[in-house]
Amino acid sequence: MFRNNYDNDSVTFSPQGRIFQVEYAAEAVKQGSVVVGIASKTHVVLVAIKRNAEELSSYQKKLFQIDEHVGIAIAGLTSDARVLSNFMKQQCLGHRLTYGRNMPVRSLVDMIGSKAQINTQHYGKRPYGVGLLVAGADENGPHLFEFQPSGMTEEMVAFAIGARSQMARTYLEKNLDAFANCGREELVRHGLKALKESLVQDKELTVENTSVAIVGVAKAKDGTTKTEPFKVFDGQDVNAWIESVADDKEPAAGEGEGMDVDDA
Amino acid sequence: MDHRPQAWGRPRDDVYGAYDASYLQTSGPKNATQSPVVTGTSVIALKFKDGVVMAADNLASYGSLARFTDVKRLRVFLDSSIIGFGGDVSDMQYLDRHLNELAIDEAYDNDPSTVPSDGTSPPGTLNAANLHKYLQKLMYKRRNDFDPLWNQLLVAGLDADAKPYLASIDLRGTTFTSPTLATGFGSALAQPIMRRYASTEEQAASRTREEAIEVAKECMKVLYYRDARSLDRYSIAVVTKEGVELKQDELLERQSWAFAERIRGYGTQTV
């Protein structure tokens with residue numbers, strides 16, 4: 001009865017000038033669990049909340065290494081992210097083979113941007129249902145990029161995508177000026193604090209559900225800069241960081257499972 | 001009935017008449033370059049402590065005929081690397097156009113705000129080592145297509161650690177590197193002189209720009225004396241951290257042909 005006639009494909013505008021399929025894809029990103037990225041002058045960190053489909057299952061990975069110097073955080077359809085991730089891996093490897101260097105992060109992000117935009121302009125195609133934060137370090141220093149299913153890409157100082165990510169973004173905006181000169185550890189703590197902001201009541205960061213990844217440029221002894229390779233930290237490796245941002249005034253733990261209103 | 005395997009699946013001659021071969025192409029298979037036509041001779045290059053010097057004369061020969069006397073065989077890439085071309089001149093021009101496109105693509109990737117005002121390349125642009133790797137892939141691809149670019153290339157500049165870089169690529173995609181390099185006749189005539197100047201990386205790293213230029217000029221002179229496909233007009237380029245200095249219309253100085261008097265065994269002399 002009230003069916004929307006303008007959302008069957010991604011080539012038809014609605015009379016209001018909207019492409020519904022692209023907007024729906026952006027919604028898919030908001031269904032994914034939150035990921036946060038922050039860049040300083042020397043490092044980029046990605047932090048993420050992992051979800052398990054059920055109590056008996058393992059947690060779905062959120063952070064992926066693309067190449068020595070690049071990695072991504074995903075929010076949305078994991079299977080679509082796999083396609084983009086494989087593409088990015090191929091491009092980085094191809095670039096390494098033909099030029100013998102790390103692919104500049106901006107060129108890489110531009111490529112997935114173009115690839116995703118094409119899907120929004122062809123009949124029978126659909127946009128990717130995933131948003132990415134791309135973290136990398138190249139000869140121009142560390143970079144953080146946001147990628148949206150519309151094909152939009154933008155370089156960011158700090159950003160968060162996924163469920164309830166607005167809370168994390170509010171934290172990031174409040175502390176924006178501090179990031180540029182943050183050290184590696186401090187940047188991770190800012191990331192985890194932002195992540196905590198977007199958690200639902202009664203949920204907290206644990207070694208099971210928290211992922212951290214770091215990439216950056218490190219000064220060598222002889223003054224030259226070297227890439228600190230992208231590395232993902234999981235499980236016990238993130239324990240110290242989680243404890244370092246533990247809340248003093250921890251609210252009394254509720255009944256836990258099944259109480260989550262928004263587990264998205 | 002013709003039962004020979006060659007006739008299987010073909011219209012029978014006894015029914016349809018003999019096949020009219022005039023419909024077949026008569027041009028034969030594609031014929032790629034089998035040998036170079038208009039050629040440039042030696043390119044020489046040598047490292048010194050802050051960079052690399054490269055030189056090549058301005059002649060393009062048509063066989064033994066000195067056909068074009070103002071062909072510049074050194075080119076600058078992105079104000080930070082130099083490439084010297086020996087071998088076929090048309091393939092050199094193809095590579096030159098290709099490199100212009102590559103330079104434009106590379107410039108698109110650069111944020112204008114990061115481009116230094118002194119004319120040097122911003123960080124992250126293709127350096128000589130990257131360029132060399134790229135050209136090697138290009139040359140090797142063409143040899144695998146059985147359509148090689150008939151050149152030997154010298155690539156000079158700085159590598160990722162801002163150290164002087166010099167390497168060679170030939171028409172088969174073979175590469176090697178050395179503190180001094182020469183293509184063509186230069187590898188026989190100029191290399192021994194350049195190795196006297198620096199036979200190891202350590203020695204090259206202790207040499208100055210002036211010494212390197214002096215040796216390069218000396219080598220160009222020897223090449224002009226002894227290589228019949230050479231010219232006394234030449235190009236010389238110096239690449240350092242500060243960029244590239246390219247001079248394209250140099251003339252050999254202080255030539256002495258006195259030794260020619262003593263050459264015996266061919267020519268018009270009777271003794």
# chains A, B, ... in the order shown; residues from 1 in each chain; ligands from 1
>>> closest_atom_pairs(of="chain B", to="chain A", cutoff="6 Å", atoms="only C-alpha atoms", output="JSON lines")
{"residue": "B:Pro123", "atom": "CA", "partner": "A:Glu139", "partner_atom": "CA", "distance": 5.8}
{"residue": "B:Gly124", "atom": "CA", "partner": "A:Glu139", "partner_atom": "CA", "distance": 4.8}
{"residue": "B:Asn130", "atom": "CA", "partner": "A:Tyr99", "partner_atom": "CA", "distance": 4.6}
{"residue": "B:Lys133", "atom": "CA", "partner": "A:Tyr99", "partner_atom": "CA", "distance": 5.4}
{"residue": "B:Tyr134", "atom": "CA", "partner": "A:Thr98", "partner_atom": "CA", "distance": 5.1}
>>> residues_around(residues="stretch 40-48 of chain A", least_positions_apart="3", cutoff="9 Å", atoms="only C-alpha atoms", output="ChimeraX atom specification")
/A:33-37,62-63,71-74,133-137,141-144,157-158,178-184,187-188,191-192,195,209-218,228,232
>>> residues_around(residues="stretch 82-87 of chain B", least_positions_apart="2", cutoff="7 Å", atoms="only C-alpha atoms", output="NGL selection string")
:B and (36 or 39-43 or 73-77 or 89 or 92 or 150-157 or 183)
>>> write_last_selection(atoms="N, CA and C atoms", output="short mmCIF file (atom, residue, chain, number, x, y, z; two decimals), in the first residue's frame")
data_model
loop_
_atom_site.label_atom_id
_atom_site.label_comp_id
_atom_site.auth_asym_id
_atom_site.auth_seq_id
_atom_site.Cartn_x
_atom_site.Cartn_y
_atom_site.Cartn_z
N PRO B 36 67.32 -3.14 -33.95
CA PRO B 36 67.10 -1.69 -33.88
C PRO B 36 67.43 -1.01 -35.21
N THR B 39 69.78 4.24 -33.94
CA THR B 39 70.30 3.89 -32.61
C THR B 39 71.14 4.97 -31.96
N GLY B 40 71.09 4.96 -30.66
CA GLY B 40 72.01 5.77 -29.86
C GLY B 40 73.08 4.86 -29.30
N THR B 41 74.28 5.37 -29.11
CA THR B 41 75.35 4.52 -28.60
C THR B 41 75.43 4.62 -27.07
N SER B 42 76.63 4.60 -26.52
CA SER B 42 76.81 4.44 -25.07
C SER B 42 76.11 5.49 -24.21
N VAL B 43 75.72 5.05 -23.02
CA VAL B 43 75.38 5.95 -21.92
C VAL B 43 76.30 5.55 -20.78
N ARG B 73 69.48 12.13 -25.34
CA ARG B 73 69.20 10.76 -24.87
C ARG B 73 69.14 10.63 -23.35
N LEU B 74 69.22 11.76 -22.65
CA LEU B 74 69.00 11.73 -21.20
C LEU B 74 67.68 12.43 -20.94
N ARG B 75 66.85 11.87 -20.09
CA ARG B 75 65.63 12.59 -19.71
C ARG B 75 65.48 12.61 -18.19
N VAL B 76 64.82 13.66 -17.74
CA VAL B 76 64.59 13.85 -16.31
C VAL B 76 63.20 13.33 -15.99
N PHE B 77 63.08 12.65 -14.86
CA PHE B 77 61.76 12.18 -14.42
C PHE B 77 61.42 12.83 -13.08
N VAL B 89 66.12 4.44 -31.09
CA VAL B 89 65.64 5.77 -30.74
C VAL B 89 64.11 5.86 -30.76
N MET B 92 62.99 4.58 -27.60
CA MET B 92 63.28 5.59 -26.58
C MET B 92 62.18 6.63 -26.56
N TRP B 150 63.88 -2.12 -27.75
CA TRP B 150 65.30 -2.41 -28.02
C TRP B 150 66.22 -1.36 -27.41
N ASN B 151 66.24 -1.30 -26.09
CA ASN B 151 67.05 -0.31 -25.41
C ASN B 151 67.82 -0.93 -24.25
N GLN B 152 68.91 -0.26 -23.89
CA GLN B 152 69.44 -0.50 -22.55
C GLN B 152 69.33 0.82 -21.80
N LEU B 153 68.78 0.76 -20.60
CA LEU B 153 68.50 1.98 -19.85
C LEU B 153 69.39 2.07 -18.61
N LEU B 154 69.81 3.28 -18.30
CA LEU B 154 70.42 3.52 -16.99
C LEU B 154 69.49 4.44 -16.24
N VAL B 155 69.20 4.09 -14.99
CA VAL B 155 68.33 4.90 -14.14
C VAL B 155 69.16 5.40 -12.96
N ALA B 156 69.14 6.71 -12.74
CA ALA B 156 69.93 7.28 -11.65
C ALA B 156 69.09 8.25 -10.84
N GLY B 157 69.41 8.33 -9.58
CA GLY B 157 68.71 9.24 -8.67
C GLY B 157 69.00 8.87 -7.25
N THR B 183 76.52 1.57 -20.98
CA THR B 183 75.84 0.71 -21.94
C THR B 183 76.65 0.66 -23.23
#
>>> select_by_dssp(residues="stretch 62-264 of chain A", states="strand (DSSP E or B)", output="PyMOL selection string")
chain A and resi 63-67+70-76+130-138+141-147+153-155+158-161+210-219+225-233
>>> write_last_selection(atoms="C-alpha atoms", output="PDB file, in the first residue's frame")
ATOM      1  CA  LEU A  63      40.156  -5.330  12.164  1.00  0.00           C
ATOM      2  CA  PHE A  64      42.108  -6.648   9.187  1.00  0.00           C
ATOM      3  CA  GLN A  65      45.591  -6.153   7.894  1.00  0.00           C
ATOM      4  CA  ILE A  66      45.660  -5.261   4.185  1.00  0.00           C
ATOM      5  CA  ASP A  67      49.389  -4.819   3.661  1.00  0.00           C
ATOM      6  CA  VAL A  70      47.630  -0.521   5.863  1.00  0.00           C
ATOM      7  CA  GLY A  71      44.718  -2.026   7.718  1.00  0.00           C
ATOM      8  CA  ILE A  72      40.977  -1.576   7.937  1.00  0.00           C
ATOM      9  CA  ALA A  73      38.206  -1.602  10.490  1.00  0.00           C
ATOM     10  CA  ILE A  74      34.819  -2.703   9.223  1.00  0.00           C
ATOM     11  CA  ALA A  75      31.226  -1.936  10.196  1.00  0.00           C
ATOM     12  CA  GLY A  76      28.374  -3.544   8.291  1.00  0.00           C
ATOM     13  CA  VAL A 130      29.843  -1.841   4.674  1.00  0.00           C
ATOM     14  CA  GLY A 131      31.698   1.193   5.922  1.00  0.00           C
ATOM     15  CA  LEU A 132      35.435   1.177   6.537  1.00  0.00           C
ATOM     16  CA  LEU A 133      38.001   3.065   8.480  1.00  0.00           C
ATOM     17  CA  VAL A 134      41.291   2.740   6.613  1.00  0.00           C
ATOM     18  CA  ALA A 135      44.431   3.292   8.663  1.00  0.00           C
ATOM     19  CA  GLY A 136      47.836   3.435   7.056  1.00  0.00           C
ATOM     20  CA  ALA A 137      51.273   4.988   7.119  1.00  0.00           C
ATOM     21  CA  ASP A 138      53.151   6.003   3.969  1.00  0.00           C
ATOM     22  CA  GLY A 141      53.061  10.010   7.393  1.00  0.00           C
ATOM     23  CA  PRO A 142      50.101   8.350   9.068  1.00  0.00           C
ATOM     24  CA  HIS A 143      46.604   8.618   7.581  1.00  0.00           C
ATOM     25  CA  LEU A 144      43.069   7.755   8.623  1.00  0.00           C
ATOM     26  CA  PHE A 145      40.334   7.576   5.999  1.00  0.00           C
ATOM     27  CA  GLU A 146      36.623   7.014   6.216  1.00  0.00           C
ATOM     28  CA  PHE A 147      34.897   5.027   3.473  1.00  0.00           C
ATOM     29  CA  THR A 153      35.962   8.783   1.110  1.00  0.00           C
ATOM     30  CA  GLU A 154      37.418  11.415   3.352  1.00  0.00           C
ATOM     31  CA  GLU A 155      40.576  11.840   5.374  1.00  0.00           C
ATOM     32  CA  ALA A 158      39.458  10.792  14.178  1.00  0.00           C
ATOM     33  CA  PHE A 159      36.213   9.057  13.395  1.00  0.00           C
ATOM     34  CA  ALA A 160      33.796   6.352  14.461  1.00  0.00           C
ATOM     35  CA  ILE A 161      31.291   4.334  12.442  1.00  0.00           C
ATOM     36  CA  THR A 210      37.870  -5.666  22.205  1.00  0.00           C
ATOM     37  CA  SER A 211      40.288  -5.354  19.298  1.00  0.00           C
ATOM     38  CA  VAL A 212      43.061  -2.820  18.901  1.00  0.00           C
ATOM     39  CA  ALA A 213      45.263  -2.173  15.875  1.00  0.00           C
ATOM     40  CA  ILE A 214      48.193   0.182  15.481  1.00  0.00           C
ATOM     41  CA  VAL A 215      50.178   1.430  12.511  1.00  0.00           C
ATOM     42  CA  GLY A 216      52.626   4.291  12.416  1.00  0.00           C
ATOM     43  CA  VAL A 217      55.967   5.748  11.512  1.00  0.00           C
ATOM     44  CA  ALA A 218      58.885   5.205  13.836  1.00  0.00           C
ATOM     45  CA  LYS A 219      62.083   7.234  13.852  1.00  0.00           C
ATOM     46  CA  THR A 225      61.676   7.173   9.353  1.00  0.00           C
ATOM     47  CA  LYS A 226      60.525   3.582   9.153  1.00  0.00           C
ATOM     48  CA  THR A 227      57.032   2.156   9.014  1.00  0.00           C
ATOM     49  CA  GLU A 228      55.797   0.484  12.159  1.00  0.00           C
ATOM     50  CA  PRO A 229      53.780  -2.283  10.494  1.00  0.00           C
ATOM     51  CA  PHE A 230      50.028  -2.575  10.981  1.00  0.00           C
ATOM     52  CA  LYS A 231      49.378  -4.964  13.839  1.00  0.00           C
ATOM     53  CA  VAL A 232      46.144  -6.213  15.371  1.00  0.00           C
ATOM     54  CA  PHE A 233      45.988  -6.934  19.092  1.00  0.00           C
TER      55      PHE A 233
END
>>> closest_residue(among="B:Leu158, B:Leu59, B:Ala45, B:Val71", to="B:Val244", atoms="only C-alpha atoms")
B:Leu158
>>> atom_distance(atom1="atom CA of B:Ser80", atom2="atom CA of A:Val109")
26.2 Å
>>> residues_around(residues="B:Val52", least_positions_apart="6", cutoff="8 Å", atoms="only C-alpha atoms", output="ChimeraX atom specification")
/B:45-46,156-157,164-166,238-240
>>> closest_residue(among="A:Thr12, A:Gln148, A:Ser165, A:Asn52", to="A:Gln31", atoms="only C-alpha atoms")
A:Ser165
>>> atom_distance(atom1="atom CA of A:Tyr128", atom2="atom CA of A:Asp7")
15.4 Å
>>> residues_around(residues="B:Arg172", least_positions_apart="3", cutoff="9 Å", atoms="only C-alpha atoms", output="MDAnalysis selection string")
chainID B and resid 136 139:144 148:150 169 175
>>> write_last_selection(atoms="all heavy atoms", output="JSON list (two decimals), in the first residue's frame")
[["chain", "number", "residue", "atom", "x", "y", "z"],
["B", 136, "GLN", "N", 61.76, -2.00, -15.25],
["B", 136, "GLN", "CA", 62.17, -3.40, -15.40],
["B", 136, "GLN", "C", 60.96, -4.27, -15.73],
["B", 136, "GLN", "O", 61.02, -5.11, -16.62],
["B", 136, "GLN", "CB", 62.85, -3.87, -14.11],
["B", 136, "GLN", "CG", 63.43, -5.26, -14.19],
["B", 136, "GLN", "CD", 62.51, -6.30, -13.58],
["B", 136, "GLN", "OE1", 61.93, -6.08, -12.53],
["B", 136, "GLN", "NE2", 62.38, -7.43, -14.23],
["B", 139, "MET", "N", 59.94, -3.58, -19.37],
["B", 139, "MET", "CA", 60.84, -4.19, -20.37],
["B", 139, "MET", "C", 60.67, -5.71, -20.40],
["B", 139, "MET", "O", 60.67, -6.32, -21.47],
["B", 139, "MET", "CB", 62.29, -3.83, -20.05],
["B", 139, "MET", "CG", 62.62, -2.36, -20.09],
["B", 139, "MET", "SD", 62.49, -1.64, -21.72],
["B", 139, "MET", "CE", 64.14, -1.91, -22.32],
["B", 140, "TYR", "N", 60.50, -6.31, -19.21],
["B", 140, "TYR", "CA", 60.37, -7.76, -19.15],
["B", 140, "TYR", "C", 59.03, -8.20, -19.75],
["B", 140, "TYR", "O", 58.95, -9.24, -20.40],
["B", 140, "TYR", "CB", 60.49, -8.24, -17.70],
["B", 140, "TYR", "CG", 60.45, -9.74, -17.56],
["B", 140, "TYR", "CD1", 61.41, -10.53, -18.18],
["B", 140, "TYR", "CD2", 59.46, -10.36, -16.82],
["B", 140, "TYR", "CE1", 61.37, -11.91, -18.06],
["B", 140, "TYR", "CE2", 59.41, -11.74, -16.71],
["B", 140, "TYR", "CZ", 60.38, -12.51, -17.32],
["B", 140, "TYR", "OH", 60.33, -13.87, -17.21],
["B", 141, "LYS", "N", 57.99, -7.39, -19.54],
["B", 141, "LYS", "CA", 56.69, -7.70, -20.13],
["B", 141, "LYS", "C", 56.80, -7.69, -21.65],
["B", 141, "LYS", "O", 56.29, -8.59, -22.33],
["B", 141, "LYS", "CB", 55.69, -6.65, -19.66],
["B", 141, "LYS", "CG", 54.22, -6.99, -19.91],
["B", 141, "LYS", "CD", 53.69, -6.34, -21.17],
["B", 141, "LYS", "CE", 52.25, -6.78, -21.39],
["B", 141, "LYS", "NZ", 51.78, -6.43, -22.74],
["B", 142, "ARG", "N", 57.49, -6.68, -22.19],
["B", 142, "ARG", "CA", 57.62, -6.57, -23.63],
["B", 142, "ARG", "C", 58.46, -7.72, -24.22],
["B", 142, "ARG", "O", 58.19, -8.19, -25.32],
["B", 142, "ARG", "CB", 58.22, -5.22, -24.02],
["B", 142, "ARG", "CG", 57.27, -4.07, -23.75],
["B", 142, "ARG", "CD", 56.06, -4.13, -24.66],
["B", 142, "ARG", "NE", 56.46, -3.97, -26.04],
["B", 142, "ARG", "CZ", 56.32, -2.84, -26.73],
["B", 142, "ARG", "NH1", 55.77, -1.79, -26.16],
["B", 142, "ARG", "NH2", 56.71, -2.77, -27.98],
["B", 143, "ARG", "N", 59.44, -8.16, -23.47],
["B", 143, "ARG", "CA", 60.22, -9.28, -24.01],
["B", 143, "ARG", "C", 59.37, -10.55, -23.98],
["B", 143, "ARG", "O", 59.46, -11.38, -24.88],
["B", 143, "ARG", "CB", 61.55, -9.45, -23.27],
["B", 143, "ARG", "CG", 61.57, -10.39, -22.11],
["B", 143, "ARG", "CD", 62.37, -11.64, -22.40],
["B", 143, "ARG", "NE", 61.61, -12.80, -21.92],
["B", 143, "ARG", "CZ", 62.09, -14.00, -21.72],
["B", 143, "ARG", "NH1", 63.35, -14.25, -21.98],
["B", 143, "ARG", "NH2", 61.34, -14.97, -21.30],
["B", 144, "ASN", "N", 58.50, -10.70, -22.98],
["B", 144, "ASN", "CA", 57.63, -11.88, -22.95],
["B", 144, "ASN", "C", 56.56, -11.83, -24.03],
["B", 144, "ASN", "O", 56.01, -12.87, -24.41],
["B", 144, "ASN", "CB", 56.95, -12.01, -21.59],
["B", 144, "ASN", "CG", 57.88, -12.62, -20.56],
["B", 144, "ASN", "OD1", 58.89, -13.21, -20.92],
["B", 144, "ASN", "ND2", 57.55, -12.46, -19.31],
["B", 148, "PRO", "N", 60.23, -6.79, -27.86],
["B", 148, "PRO", "CA", 61.00, -6.03, -26.88],
["B", 148, "PRO", "C", 61.21, -4.57, -27.29],
["B", 148, "PRO", "O", 61.19, -4.24, -28.47],
["B", 148, "PRO", "CB", 62.35, -6.76, -26.86],
["B", 148, "PRO", "CG", 62.45, -7.40, -28.19],
["B", 148, "PRO", "CD", 61.05, -7.78, -28.58],
["B", 149, "LEU", "N", 61.36, -3.73, -26.27],
["B", 149, "LEU", "CA", 61.82, -2.35, -26.51],
["B", 149, "LEU", "C", 63.34, -2.44, -26.57],
["B", 149, "LEU", "O", 63.98, -2.81, -25.59],
["B", 149, "LEU", "CB", 61.35, -1.45, -25.37],
["B", 149, "LEU", "CG", 59.84, -1.27, -25.31],
["B", 149, "LEU", "CD1", 59.43, -0.65, -23.99],
["B", 149, "LEU", "CD2", 59.33, -0.44, -26.47],
["B", 150, "TRP", "N", 63.88, -2.12, -27.75],
["B", 150, "TRP", "CA", 65.30, -2.41, -28.02],
["B", 150, "TRP", "C", 66.22, -1.36, -27.41],
["B", 150, "TRP", "O", 66.87, -0.60, -28.11],
["B", 150, "TRP", "CB", 65.52, -2.51, -29.54],
["B", 150, "TRP", "CG", 66.48, -3.62, -29.84],
["B", 150, "TRP", "CD1", 67.83, -3.57, -29.69],
["B", 150, "TRP", "CD2", 66.17, -4.93, -30.32],
["B", 150, "TRP", "NE1", 68.38, -4.78, -30.04],
["B", 150, "TRP", "CE2", 67.40, -5.63, -30.43],
["B", 150, "TRP", "CE3", 64.99, -5.58, -30.66],
["B", 150, "TRP", "CZ2", 67.47, -6.94, -30.89],
["B", 150, "TRP", "CZ3", 65.06, -6.87, -31.10],
["B", 150, "TRP", "CH2", 66.30, -7.55, -31.21],
["B", 169, "ILE", "N", 68.86, -1.54, -16.94],
["B", 169, "ILE", "CA", 67.86, -2.50, -17.43],
["B", 169, "ILE", "C", 68.15, -2.70, -18.91],
["B", 169, "ILE", "O", 68.40, -1.73, -19.62],
["B", 169, "ILE", "CB", 66.42, -1.97, -17.33],
["B", 169, "ILE", "CG1", 66.17, -1.34, -15.97],
["B", 169, "ILE", "CG2", 65.41, -3.05, -17.63],
["B", 169, "ILE", "CD1", 65.11, -0.28, -16.00],
["B", 175, "THR", "N", 68.32, -6.78, -14.92],
["B", 175, "THR", "CA", 68.80, -5.59, -14.22],
["B", 175, "THR", "C", 70.04, -5.92, -13.43],
["B", 175, "THR", "O", 70.24, -7.04, -12.98],
["B", 175, "THR", "CB", 67.77, -5.05, -13.22],
["B", 175, "THR", "OG1", 67.59, -6.02, -12.19],
["B", 175, "THR", "CG2", 66.46, -4.76, -13.88]]
>>> residues_around(residues="B:Val38", least_positions_apart="2", cutoff="6 Å", atoms="only C-alpha atoms", output="compact mmCIF listing (two decimals) with N, CA and C atoms, in the first residue's frame")
# COMPACT_ATOMS: atom_id res chain seq x y z
N SER B 61 72.34 7.32 -34.79
CA SER B 61 72.92 6.77 -36.03
C SER B 61 71.89 5.94 -36.78
N TYR B 62 71.99 5.98 -38.11
CA TYR B 62 71.18 5.09 -38.94
C TYR B 62 72.16 4.10 -39.54
N ASP B 88 67.61 1.60 -29.61
CA ASP B 88 66.69 2.14 -30.61
C ASP B 88 66.07 3.47 -30.18
N VAL B 89 66.12 4.44 -31.09
CA VAL B 89 65.64 5.77 -30.74
C VAL B 89 64.11 5.86 -30.76
>>> residues_around(residues="A:Gly124", least_positions_apart="6", cutoff="10 Å", atoms="only C-alpha atoms", output="VMD selection string")
chain A and resid 8 to 11
>>> closest_residue(among="B:Arg254, B:Arg67, B:Arg97, B:Lys47", to="B:Ile213", atoms="only C-alpha atoms")
B:Lys47
>>> select_by_dssp(residues="stretch 26-242 of chain A", states="helix (DSSP H, G or I)", output="ChimeraX atom specification")
/A:26-31,78-99,105-119,165-174,176-179,184-197,235-242
>>> closest_residue(among="B:Ser230, B:Ile44, B:Asp105, B:Lys163", to="B:Val215", atoms="only C-alpha atoms")
B:Ile44
